[in-house]
Amino acid sequence: MNQQVSTYPIGTPGQAWGNAEKAEWLARQRVKRSYADEVITRIDGLRADFDVQQYGALPYDTGRYPLFLVLSREFDEDKPTVLVTGGVHGYETSGVQGALRFMKTRARSLESQFNFVCAPCISPWGYETINRWNRGAVDPNRSFYPDSGSPEAASIMQAIEQGGWRFIAHFDLHETTDSDNDEFRPALAARDGKTMDNWHIPDGFYTVGDSARPEPGFQGAIIRSVKKVTHIAPPDADGGIIGEKLQQEGVINYDARKHSLCMGMTDARFVTTTEVYPDSPRVTDENCTDAQVAAVCGGLEEIS
């Protein structure tokens, strides 16, 4: 870990935020890109080949933030079903665009083996404001539990329950960025009235498996596939990644349900959280999106 995070322009050090501090934080947020232009238009472009269903809308602005699933048009109950999610953290661009690109470029060719359910942008307000949190200063990817305080997490959990799908695999597409240290971890420390270490930001791609169902062969197949597209994160000086023990090249594990992570919301045997590093000088935005597609393809090849 690097230097301690101890200051942030909102709140009093050592004291957790109340409603006033959360309101001050919200007032600082600005729309920086368009969910309609960058996401909804691309979802609409998939309608010719897939079923597109609206499963809800964020209560902040139901007209601006509809929520969509993209599904295989002809579900075959004899085939395994795969879930792909992106944009749980709205600021993680390649998670959203990678999910959309996978559906556009690869899913159709794999429908002879799998049914697909894709939620490409779970947190559209976060996407527009380039934010990890939602409007209530809540992290959706720590909110996958019953009676969730995050409408982003609650909406997709309800949609999955109502769909009744039984998944063999779940790919949750994420990024680790320099802004984790520059903004989001300092904000977290301030919000919770704590002192917190900075991450050592890994330069490269890695995955997070679920410690309850790690499936090292599956994680390894993802890494091998992504290596054809971009570089894999090396371990830090302590031999780990973001403070966690390295399980194999580019792979760490978390307890998904203990931490209320998105990858813990189903009973799928094969689950992974992908992590792209878009701030590396060795990558481009296109390369990051392609890495997400390669991750899904590599995992599916292993289980097919």
# chains A, B, ... in the order shown; residues from 1 in each chain; ligands from 1
call {"tool": "select_by_dssp", "arguments": {"residues": "region 152-258 of chain A", "states": "alpha helix (DSSP H)", "output": "PyMOL selection string"}}
result
chain A and resi 152-163+179+185-192+216-227
call {"tool": "write_last_selection", "arguments": {"atoms": "C-alpha atoms", "output": "CSV table (one decimal), in the first residue's frame"}}
result
chain,number,residue,atom,x,y,z
A,152,GLU,CA,-29.1,-0.2,-9.1
A,153,ALA,CA,-28.4,-3.5,-7.3
A,154,ALA,CA,-32.0,-4.0,-6.2
A,155,SER,CA,-33.4,-3.6,-9.7
A,156,ILE,CA,-31.1,-6.1,-11.4
A,157,MET,CA,-31.5,-8.6,-8.5
A,158,GLN,CA,-35.3,-8.4,-8.9
A,159,ALA,CA,-35.0,-8.8,-12.7
A,160,ILE,CA,-32.8,-11.9,-12.3
A,161,GLU,CA,-35.2,-13.4,-9.8
A,162,GLN,CA,-38.2,-12.7,-11.9
A,163,GLY,CA,-36.5,-14.2,-15.0
A,179,SER,CA,-9.1,7.5,-9.9
A,185,ARG,CA,-10.8,5.8,-1.9
A,186,PRO,CA,-10.3,9.2,-0.3
A,187,ALA,CA,-14.0,9.8,-0.6
A,188,LEU,CA,-14.7,6.4,1.0
A,189,ALA,CA,-12.4,7.2,3.9
A,190,ALA,CA,-14.1,10.6,4.4
A,191,ARG,CA,-17.6,9.2,4.1
A,192,ASP,CA,-17.0,6.5,6.7
A,216,PRO,CA,-9.0,-21.9,-11.1
A,217,GLY,CA,-9.2,-23.5,-14.5
A,218,PHE,CA,-11.9,-21.1,-15.5
A,219,GLN,CA,-10.0,-18.1,-14.2
A,220,GLY,CA,-6.8,-19.3,-15.9
A,221,ALA,CA,-8.6,-19.6,-19.2
A,222,ILE,CA,-9.7,-16.0,-19.0
A,223,ILE,CA,-6.2,-14.9,-18.3
A,224,ARG,CA,-4.8,-16.9,-21.3
A,225,SER,CA,-7.4,-15.4,-23.6
A,226,VAL,CA,-6.8,-11.8,-22.4
A,227,LYS,CA,-3.0,-12.2,-22.8
call {"tool": "residues_around", "arguments": {"residues": "Pro80 (chain A)", "least_positions_apart": "6", "cutoff": "7 Å", "atoms": "only C-alpha atoms", "output": "list in words"}}
result
Phe114, Asn115, Phe167 and Ile168 of chain A
call {"tool": "closest_residue", "arguments": {"among": "A:Tyr55, A:Phe116, A:Tyr60, A:Trp133", "to": "Trp25 (chain A)", "atoms": "only C-alpha atoms"}}
result
A:Trp133
call {"tool": "atom_distance", "arguments": {"atom1": "CA of Ser304 (chain A)", "atom2": "CA of Thr272 (chain A)"}}
result
16.2 Å
call {"tool": "closest_residue", "arguments": {"among": "A:Asp44, A:Glu302, A:Asp210, A:Glu92", "to": "His259 (chain A)", "atoms": "only C-alpha atoms"}}
result
A:Asp210
call {"tool": "residues_around", "arguments": {"residues": "Gly18 (chain A)", "least_positions_apart": "3", "cutoff": "12 Å", "atoms": "only C-alpha atoms", "output": "list in words"}}
result
Ile10, Gly11, Thr12, Gln15, Glu21, Lys22, Ala23, Glu24, Trp25, Gly136, Ala137, Ala190, Arg191, Asp192 and Gly193 of chain A
call {"tool": "closest_residue", "arguments": {"among": "A:Leu110, A:Val208, A:Met263, A:Val96", "to": "Ile241 (chain A)", "atoms": "only C-alpha atoms"}}
result
A:Val208
call {"tool": "closest_residue", "arguments": {"among": "A:Gly90, A:Gly149, A:Gly250, A:Gly98", "to": "Pro124 (chain A)", "atoms": "only C-alpha atoms"}}
result
A:Gly90
call {"tool": "select_by_dssp", "arguments": {"residues": "region 121-177 of chain A", "states": "strand (DSSP E or B)", "output": "number ranges by chain"}}
result
A: 167-175
call {"tool": "write_last_selection", "arguments": {"atoms": "N, CA and C atoms", "output": "PDB file, in the first residue's frame"}}
result
ATOM      1  N   PHE A 167     -28.098 -19.892 -14.070  1.00  0.00           N
ATOM      2  CA  PHE A 167     -26.877 -19.550 -14.808  1.00  0.00           C
ATOM      3  C   PHE A 167     -25.764 -20.552 -14.534  1.00  0.00           C
ATOM      4  N   ILE A 168     -25.029 -20.852 -15.590  1.00  0.00           N
ATOM      5  CA  ILE A 168     -23.807 -21.637 -15.416  1.00  0.00           C
ATOM      6  C   ILE A 168     -22.621 -20.716 -15.162  1.00  0.00           C
ATOM      7  N   ALA A 169     -22.686 -19.492 -15.676  1.00  0.00           N
ATOM      8  CA  ALA A 169     -21.552 -18.568 -15.549  1.00  0.00           C
ATOM      9  C   ALA A 169     -22.048 -17.139 -15.453  1.00  0.00           C
ATOM     10  N   HIS A 170     -21.256 -16.322 -14.758  1.00  0.00           N
ATOM     11  CA  HIS A 170     -21.530 -14.885 -14.637  1.00  0.00           C
ATOM     12  C   HIS A 170     -20.211 -14.147 -14.780  1.00  0.00           C
ATOM     13  N   PHE A 171     -20.147 -13.293 -15.794  1.00  0.00           N
ATOM     14  CA  PHE A 171     -19.002 -12.427 -16.025  1.00  0.00           C
ATOM     15  C   PHE A 171     -19.406 -11.003 -15.645  1.00  0.00           C
ATOM     16  N   ASP A 172     -18.760 -10.436 -14.619  1.00  0.00           N
ATOM     17  CA  ASP A 172     -19.045  -9.075 -14.188  1.00  0.00           C
ATOM     18  C   ASP A 172     -17.842  -8.219 -14.573  1.00  0.00           C
ATOM     19  N   LEU A 173     -18.033  -7.281 -15.489  1.00  0.00           N
ATOM     20  CA  LEU A 173     -16.930  -6.586 -16.152  1.00  0.00           C
ATOM     21  C   LEU A 173     -16.635  -5.246 -15.475  1.00  0.00           C
ATOM     22  N   HIS A 174     -15.402  -5.092 -15.008  1.00  0.00           N
ATOM     23  CA  HIS A 174     -14.994  -3.926 -14.208  1.00  0.00           C
ATOM     24  C   HIS A 174     -13.660  -3.369 -14.686  1.00  0.00           C
ATOM     25  N   GLU A 175     -13.235  -2.277 -14.039  1.00  0.00           N
ATOM     26  CA  GLU A 175     -11.917  -1.680 -14.237  1.00  0.00           C
ATOM     27  C   GLU A 175     -11.341  -1.299 -12.870  1.00  0.00           C
TER      28      GLU A 175
END
call {"tool": "residues_around", "arguments": {"residues": "Phe68 (chain A)", "least_positions_apart": "5", "cutoff": "8 Å", "atoms": "only C-alpha atoms", "output": "PyMOL selection string"}}
result
chain A and resi 52-56+119-121
call {"tool": "write_last_selection", "arguments": {"atoms": "N, CA and C atoms", "output": "mmCIF file, in the first residue's frame"}}
result
data_model
loop_
_atom_site.group_PDB
_atom_site.id
_atom_site.type_symbol
_atom_site.label_atom_id
_atom_site.label_comp_id
_atom_site.auth_asym_id
_atom_site.auth_seq_id
_atom_site.Cartn_x
_atom_site.Cartn_y
_atom_site.Cartn_z
ATOM 1 N N VAL A 52 -34.612 -7.151 -26.400
ATOM 2 C CA VAL A 52 -34.221 -6.096 -25.477
ATOM 3 C C VAL A 52 -35.419 -5.807 -24.591
ATOM 4 N N GLN A 53 -35.209 -5.950 -23.288
ATOM 5 C CA GLN A 53 -36.289 -5.752 -22.328
ATOM 6 C C GLN A 53 -35.889 -4.692 -21.308
ATOM 7 N N GLN A 54 -36.794 -3.761 -21.039
ATOM 8 C CA GLN A 54 -36.565 -2.824 -19.954
ATOM 9 C C GLN A 54 -36.996 -3.474 -18.648
ATOM 10 N N TYR A 55 -36.100 -3.502 -17.673
ATOM 11 C CA TYR A 55 -36.415 -4.160 -16.397
ATOM 12 C C TYR A 55 -36.659 -3.165 -15.266
ATOM 13 N N GLY A 56 -36.640 -1.891 -15.591
ATOM 14 C CA GLY A 56 -36.877 -0.883 -14.571
ATOM 15 C C GLY A 56 -36.295 0.438 -15.007
ATOM 16 N N ALA A 119 -26.824 -7.485 -18.905
ATOM 17 C CA ALA A 119 -27.211 -6.182 -18.356
ATOM 18 C C ALA A 119 -26.006 -5.268 -18.545
ATOM 19 N N PRO A 120 -25.967 -4.505 -19.647
ATOM 20 C CA PRO A 120 -24.725 -3.808 -19.998
ATOM 21 C C PRO A 120 -24.395 -2.588 -19.156
ATOM 22 N N CYS A 121 -25.402 -1.959 -18.536
ATOM 23 C CA CYS A 121 -25.109 -0.763 -17.742
ATOM 24 C C CYS A 121 -26.061 -0.698 -16.550
#
call {"tool": "closest_residue", "arguments": {"among": "A:Ile43, A:Thr93, A:Cys118, A:Tyr35", "to": "Leu71 (chain A)", "atoms": "only C-alpha atoms"}}
result
A:Cys118
call {"tool": "atom_distance", "arguments": {"atom1": "CA of Asp61 (chain A)", "atom2": "CA of Gly86 (chain A)"}}
result
20.2 Å
call {"tool": "closest_residue", "arguments": {"among": "A:Asp37, A:Asp203, A:Glu301, A:Glu74", "to": "Thr176 (chain A)", "atoms": "only C-alpha atoms"}}
result
A:Asp203
call {"tool": "residues_around", "arguments": {"residues": "Leu58 (chain A)", "least_positions_apart": "4", "cutoff": "8 Å", "atoms": "only C-alpha atoms", "output": "list of chain:residue names"}}
result
A:Thr62, A:Tyr65, A:Pro66, A:Leu67, A:Pro151, A:Glu152
call {"tool": "decode", "arguments": {"residues": "region 53-140 of chain A", "atoms": "C-alpha atoms", "output": "tab-separated table (two decimals), in the first residue's frame"}}
result
chain	number	residue	atom	x	y	z
A	53	GLN	CA	-36.29	-5.75	-22.33
A	54	GLN	CA	-36.57	-2.82	-19.95
A	55	TYR	CA	-36.42	-4.16	-16.40
A	56	GLY	CA	-36.88	-0.88	-14.57
A	57	ALA	CA	-35.55	2.66	-14.30
A	58	LEU	CA	-33.53	4.51	-11.70
A	59	PRO	CA	-35.78	6.56	-9.42
A	60	TYR	CA	-33.51	9.60	-9.76
A	61	ASP	CA	-34.94	10.22	-13.26
A	62	THR	CA	-37.00	7.39	-14.71
A	63	GLY	CA	-37.10	8.92	-18.19
A	64	ARG	CA	-33.35	9.51	-18.38
A	65	TYR	CA	-32.20	6.25	-16.76
A	66	PRO	CA	-34.16	3.25	-18.07
A	67	LEU	CA	-32.50	-0.10	-17.35
A	68	PHE	CA	-32.17	-2.79	-20.01
A	69	LEU	CA	-31.48	-6.47	-20.48
A	70	VAL	CA	-30.31	-7.91	-23.80
A	71	LEU	CA	-31.31	-11.57	-24.15
A	72	SER	CA	-31.00	-14.42	-26.59
A	73	ARG	CA	-34.11	-14.33	-28.70
A	74	GLU	CA	-34.75	-18.08	-28.70
A	75	PHE	CA	-33.99	-19.51	-25.27
A	76	ASP	CA	-33.29	-23.23	-25.29
A	77	GLU	CA	-33.83	-24.78	-21.87
A	78	ASP	CA	-31.39	-27.54	-22.79
A	79	LYS	CA	-28.52	-25.06	-23.14
A	80	PRO	CA	-26.61	-23.48	-20.26
A	81	THR	CA	-27.34	-19.79	-19.65
A	82	VAL	CA	-24.66	-17.12	-19.20
A	83	LEU	CA	-24.99	-13.74	-17.46
A	84	VAL	CA	-22.83	-10.78	-18.51
A	85	THR	CA	-23.03	-7.59	-16.46
A	86	GLY	CA	-21.33	-4.23	-16.93
A	87	GLY	CA	-21.45	-0.79	-15.40
A	88	VAL	CA	-22.10	-1.81	-11.81
A	89	HIS	CA	-19.58	0.94	-11.23
A	90	GLY	CA	-20.64	3.43	-13.85
A	91	TYR	CA	-17.22	5.05	-14.24
A	92	GLU	CA	-15.66	1.80	-15.48
A	93	THR	CA	-16.17	2.44	-19.18
A	94	SER	CA	-14.87	-0.79	-20.72
A	95	GLY	CA	-17.19	-2.84	-18.53
A	96	VAL	CA	-20.18	-1.23	-20.23
A	97	GLN	CA	-18.72	-1.07	-23.71
A	98	GLY	CA	-17.20	-4.54	-23.40
A	99	ALA	CA	-20.57	-6.08	-22.55
A	100	LEU	CA	-22.15	-4.33	-25.52
A	101	ARG	CA	-19.33	-5.32	-27.87
A	102	PHE	CA	-19.48	-8.94	-26.78
A	103	MET	CA	-23.18	-9.07	-27.54
A	104	LYS	CA	-22.70	-7.36	-30.91
A	105	THR	CA	-19.66	-9.27	-32.14
A	106	ARG	CA	-19.51	-12.66	-30.43
A	107	ALA	CA	-22.71	-13.71	-28.70
A	108	ARG	CA	-24.60	-14.72	-31.84
A	109	SER	CA	-21.86	-17.14	-32.89
A	110	LEU	CA	-21.96	-18.76	-29.45
A	111	GLU	CA	-25.74	-19.16	-29.19
A	112	SER	CA	-25.48	-22.69	-30.52
A	113	GLN	CA	-23.95	-23.50	-27.12
A	114	PHE	CA	-25.34	-20.93	-24.69
A	115	ASN	CA	-28.28	-18.67	-23.90
A	116	PHE	CA	-27.24	-15.13	-22.96
A	117	VAL	CA	-28.60	-12.56	-20.54
A	118	CYS	CA	-26.72	-9.25	-20.56
A	119	ALA	CA	-27.21	-6.18	-18.36
A	120	PRO	CA	-24.72	-3.81	-20.00
A	121	CYS	CA	-25.11	-0.76	-17.74
A	122	ILE	CA	-26.46	-1.36	-14.25
A	123	SER	CA	-25.56	2.15	-13.00
A	124	PRO	CA	-26.38	4.69	-15.73
A	125	TRP	CA	-26.26	7.70	-13.39
A	126	GLY	CA	-22.76	6.61	-12.43
A	127	TYR	CA	-21.92	6.19	-16.12
A	128	GLU	CA	-22.96	9.75	-16.92
A	129	THR	CA	-21.20	11.33	-13.95
A	130	ILE	CA	-18.20	8.95	-14.16
A	131	ASN	CA	-18.78	7.78	-10.63
A	132	ARG	CA	-18.23	4.69	-8.53
A	133	TRP	CA	-21.10	5.52	-6.19
A	134	ASN	CA	-24.76	6.23	-6.84
A	135	ARG	CA	-26.52	9.49	-5.98
A	136	GLY	CA	-26.81	8.46	-2.34
A	137	ALA	CA	-23.03	7.97	-1.98
A	138	VAL	CA	-23.63	4.19	-1.93
A	139	ASP	CA	-21.36	1.73	-3.76
A	140	PRO	CA	-23.65	-0.54	-5.82
